[in-house]
Amino acid sequence: MAICKTTRGGRQMVAGHFGFAAIIKSREKSAPLWALMLATVWLDVVFVPLLLTHRESVQPIHTGYGGLIIHADYTHSIAGMLALSAVLGAIFLRKHDRRVAIVIALVSASHWVLDLVVHRPDMPVLPGNLGNLTRFGFGLWNHPQAAACVELLLVIAGAAMYWRSAMEVSAKAGRNGRLASLAAAMIAVFGLLVLFLDYTS
Amino acid sequence: MGFIAGVFLFVVVVGLVDRRLPWPSAKQQEEAGKW
């Protein structure tokens, strides 16, 4: 049950987050795609062990797409998001350019912003909802078709912008665009597959 | 857990393909005035 919940909780919005990572890659060409993808789901990466140890939890409210209230009071609090993003940026600063590290930290923080749009008001300001302050979430998951459309747009825009940018650098280097097309196709197919599985769950 | 493993595998594979593309380095991008 816990594993099942983990999978459902972790699957939410992954397609959209990865689409966003591909959009950023098309602009910040020196940042590795894997690092941007890791950054977009960094809060969820930390969330999984906390979920397994019952520090955080998911509460299903229906079985369909977006049918969860996620009690991620540490990883998805504003303070937690800022701290985790700073930690990830600092890790990348050790081996990458300062600019890349800052981009990675900002992309990690973007996870919270995208979640803000779809989550019901379940994301607190302080870790553990200290002080019982207002929780945030615009609740687009209450309108599953609209939320899925946002994710779909992110996946399509991400794959298309990545492909365009990768084709451009390939052409400049005198290479054919096979690898660029392969990577963009993988982004599109994976994103659409995850979104389909998520939406039809 | 299978889903998490699948995501991890996807990130590794697409990351490896992406690494083989001739992306500019941070220095080259800075020099080109893109930042």
# chains A, B, ... in the order shown; residues from 1 in each chain; ligands from 1
>>> interface_residues(of="chain B", to="chain A", cutoff="7 Å", atoms="only C-alpha atoms", output="list of chain:residue names")
B:Met1, B:Phe3, B:Val11, B:Val12, B:Val14, B:Gly15, B:Val17, B:Asp18, B:Leu21, B:Pro22, B:Trp23, B:Pro24, B:Ser25, B:Ala26
>>> select_by_dssp(residues="segment 6-201 of chain A", states="strand (DSSP E)", output="list of chain:residue names")
A:Ser57, A:Val58, A:Gln59, A:Pro60, A:Leu68, A:Ile69, A:Ile70, A:His71
>>> closest_residue(among="A:Leu68, A:Ile61, A:Ala79, A:Leu84", to="Phe47 of chain A", atoms="only C-alpha atoms")
A:Leu84
>>> residues_around(residues="Ala86 of chain A", least_positions_apart="2", cutoff="9 Å", atoms="only C-alpha atoms", output="PyMOL selection string")
chain A and resi 81-84+88-91+102+105-106+108-109
>>> write_last_selection(atoms="C-alpha atoms", output="mmCIF file, in the first residue's frame")
data_model
loop_
_atom_site.group_PDB
_atom_site.id
_atom_site.type_symbol
_atom_site.label_atom_id
_atom_site.label_comp_id
_atom_site.auth_asym_id
_atom_site.auth_seq_id
_atom_site.Cartn_x
_atom_site.Cartn_y
_atom_site.Cartn_z
ATOM 1 C CA MET A 81 11.901 24.182 -1.000
ATOM 2 C CA LEU A 82 14.374 27.073 -0.616
ATOM 3 C CA ALA A 83 16.719 24.991 1.559
ATOM 4 C CA LEU A 84 16.614 21.903 -0.694
ATOM 5 C CA LEU A 88 21.240 21.047 -4.791
ATOM 6 C CA GLY A 89 22.719 24.250 -6.236
ATOM 7 C CA ALA A 90 25.658 23.983 -3.807
ATOM 8 C CA ILE A 91 26.262 20.354 -4.837
ATOM 9 C CA ILE A 102 22.222 28.849 -9.995
ATOM 10 C CA ALA A 105 18.790 25.741 -7.908
ATOM 11 C CA LEU A 106 16.143 27.872 -9.650
ATOM 12 C CA SER A 108 14.541 22.975 -8.355
ATOM 13 C CA ALA A 109 12.501 25.862 -6.930
#
>>> residues_around(residues="Pro124 of chain A", least_positions_apart="2", cutoff="6 Å", atoms="only C-alpha atoms", output="PyMOL selection string")
chain A and resi 77+126+129+135
>>> select_by_dssp(residues="segment 1-198 of chain A", states="alpha helix (DSSP H)", output="VMD selection string")
chain A and resid 2 to 11 14 to 27 33 to 40 42 to 52 78 to 93 98 to 118 144 to 172 178 to 198
>>> decode(residues="segment 92-108 of chain A", atoms="all heavy atoms", output="short mmCIF file (atom, residue, chain, number, x, y, z; two decimals), in the first residue's frame")
data_model
loop_
_atom_site.label_atom_id
_atom_site.label_comp_id
_atom_site.auth_asym_id
_atom_site.auth_seq_id
_atom_site.Cartn_x
_atom_site.Cartn_y
_atom_site.Cartn_z
N PHE A 92 26.01 21.19 -7.11
CA PHE A 92 26.43 21.37 -8.51
C PHE A 92 27.53 22.42 -8.64
O PHE A 92 28.31 22.40 -9.58
CB PHE A 92 25.22 21.71 -9.39
CG PHE A 92 24.51 20.48 -9.87
CD1 PHE A 92 23.52 19.90 -9.11
CD2 PHE A 92 24.86 19.88 -11.07
CE1 PHE A 92 22.88 18.73 -9.53
CE2 PHE A 92 24.23 18.72 -11.50
CZ PHE A 92 23.24 18.14 -10.72
N LEU A 93 27.58 23.33 -7.67
CA LEU A 93 28.62 24.37 -7.70
C LEU A 93 30.02 23.77 -7.58
O LEU A 93 30.99 24.34 -8.07
CB LEU A 93 28.36 25.37 -6.57
CG LEU A 93 29.16 26.66 -6.57
CD1 LEU A 93 28.97 27.42 -7.88
CD2 LEU A 93 28.75 27.54 -5.39
N ARG A 94 30.10 22.61 -6.96
CA ARG A 94 31.42 21.97 -6.77
C ARG A 94 32.04 21.53 -8.10
O ARG A 94 33.24 21.49 -8.23
CB ARG A 94 31.30 20.77 -5.83
CG ARG A 94 30.90 21.16 -4.41
CD ARG A 94 30.48 19.95 -3.62
NE ARG A 94 31.60 19.04 -3.38
CZ ARG A 94 32.36 19.07 -2.31
NH1 ARG A 94 32.13 19.96 -1.36
NH2 ARG A 94 33.34 18.23 -2.16
N LYS A 95 31.20 21.16 -9.07
CA LYS A 95 31.75 20.62 -10.32
C LYS A 95 31.32 21.39 -11.56
O LYS A 95 31.78 21.08 -12.67
CB LYS A 95 31.32 19.15 -10.47
CG LYS A 95 32.07 18.23 -9.52
CD LYS A 95 32.28 16.86 -10.13
CE LYS A 95 33.25 16.05 -9.29
NZ LYS A 95 33.51 14.73 -9.83
N HIS A 96 30.43 22.34 -11.41
CA HIS A 96 29.93 23.06 -12.57
C HIS A 96 30.13 24.57 -12.41
O HIS A 96 30.42 25.06 -11.33
CB HIS A 96 28.45 22.75 -12.80
CG HIS A 96 28.20 21.37 -13.30
ND1 HIS A 96 28.16 20.27 -12.45
CD2 HIS A 96 28.00 20.88 -14.54
CE1 HIS A 96 27.94 19.18 -13.16
NE2 HIS A 96 27.84 19.51 -14.42
N ASP A 97 29.93 25.25 -13.52
CA ASP A 97 29.98 26.70 -13.55
C ASP A 97 28.95 27.30 -12.58
O ASP A 97 27.90 26.70 -12.34
CB ASP A 97 29.67 27.12 -15.00
CG ASP A 97 29.75 28.61 -15.20
OD1 ASP A 97 30.85 29.09 -15.44
OD2 ASP A 97 28.70 29.27 -15.09
N ARG A 98 29.28 28.49 -12.05
CA ARG A 98 28.38 29.13 -11.07
C ARG A 98 26.99 29.36 -11.65
O ARG A 98 25.97 29.15 -11.00
CB ARG A 98 29.01 30.46 -10.64
CG ARG A 98 28.29 31.13 -9.51
CD ARG A 98 29.15 32.20 -8.86
NE ARG A 98 28.33 33.21 -8.26
CZ ARG A 98 28.08 34.40 -8.81
NH1 ARG A 98 28.64 34.72 -9.95
NH2 ARG A 98 27.32 35.27 -8.21
N ARG A 99 26.98 29.79 -12.92
CA ARG A 99 25.70 30.07 -13.57
C ARG A 99 24.84 28.80 -13.66
O ARG A 99 23.63 28.84 -13.40
CB ARG A 99 25.98 30.61 -14.99
CG ARG A 99 24.77 30.75 -15.88
CD ARG A 99 24.02 32.00 -15.61
NE ARG A 99 22.79 32.10 -16.38
CZ ARG A 99 22.12 33.21 -16.57
NH1 ARG A 99 22.56 34.33 -16.06
NH2 ARG A 99 21.01 33.23 -17.26
N VAL A 100 25.49 27.69 -14.03
CA VAL A 100 24.76 26.41 -14.13
C VAL A 100 24.20 26.02 -12.76
O VAL A 100 23.03 25.59 -12.66
CB VAL A 100 25.67 25.29 -14.68
CG1 VAL A 100 24.99 23.93 -14.58
CG2 VAL A 100 26.05 25.56 -16.14
N ALA A 101 24.99 26.19 -11.71
CA ALA A 101 24.54 25.85 -10.36
C ALA A 101 23.33 26.69 -9.96
O ALA A 101 22.38 26.18 -9.35
CB ALA A 101 25.68 26.04 -9.37
N ILE A 102 23.36 27.97 -10.32
CA ILE A 102 22.22 28.85 -10.00
C ILE A 102 20.98 28.41 -10.76
O ILE A 102 19.87 28.34 -10.22
CB ILE A 102 22.57 30.33 -10.29
CG1 ILE A 102 23.62 30.82 -9.30
CG2 ILE A 102 21.32 31.20 -10.22
CD1 ILE A 102 24.21 32.18 -9.63
N VAL A 103 21.18 28.07 -12.04
CA VAL A 103 20.04 27.60 -12.86
C VAL A 103 19.45 26.33 -12.24
O VAL A 103 18.22 26.19 -12.13
CB VAL A 103 20.49 27.35 -14.32
CG1 VAL A 103 19.42 26.58 -15.11
CG2 VAL A 103 20.80 28.67 -15.01
N ILE A 104 20.33 25.41 -11.82
CA ILE A 104 19.86 24.16 -11.22
C ILE A 104 19.03 24.47 -9.96
O ILE A 104 17.96 23.89 -9.76
CB ILE A 104 21.07 23.25 -10.86
CG1 ILE A 104 21.78 22.77 -12.13
CG2 ILE A 104 20.64 22.08 -9.98
CD1 ILE A 104 21.03 21.84 -13.01
N ALA A 105 19.52 25.38 -9.14
CA ALA A 105 18.79 25.74 -7.91
C ALA A 105 17.43 26.36 -8.25
O ALA A 105 16.41 26.04 -7.62
CB ALA A 105 19.62 26.71 -7.07
N LEU A 106 17.40 27.23 -9.26
CA LEU A 106 16.14 27.87 -9.65
C LEU A 106 15.16 26.86 -10.25
O LEU A 106 13.95 26.93 -10.00
CB LEU A 106 16.41 29.00 -10.66
CG LEU A 106 17.11 30.24 -10.08
CD1 LEU A 106 17.45 31.24 -11.19
CD2 LEU A 106 16.24 30.92 -9.03
N VAL A 107 15.70 25.93 -11.03
CA VAL A 107 14.83 24.90 -11.62
C VAL A 107 14.24 24.02 -10.51
O VAL A 107 13.08 23.63 -10.57
CB VAL A 107 15.60 24.06 -12.68
CG1 VAL A 107 14.82 22.82 -13.08
CG2 VAL A 107 15.89 24.91 -13.91
N SER A 108 15.06 23.74 -9.50
CA SER A 108 14.54 22.98 -8.35
C SER A 108 13.39 23.74 -7.69
O SER A 108 12.36 23.15 -7.35
CB SER A 108 15.67 22.74 -7.35
OG SER A 108 15.15 22.22 -6.16
#
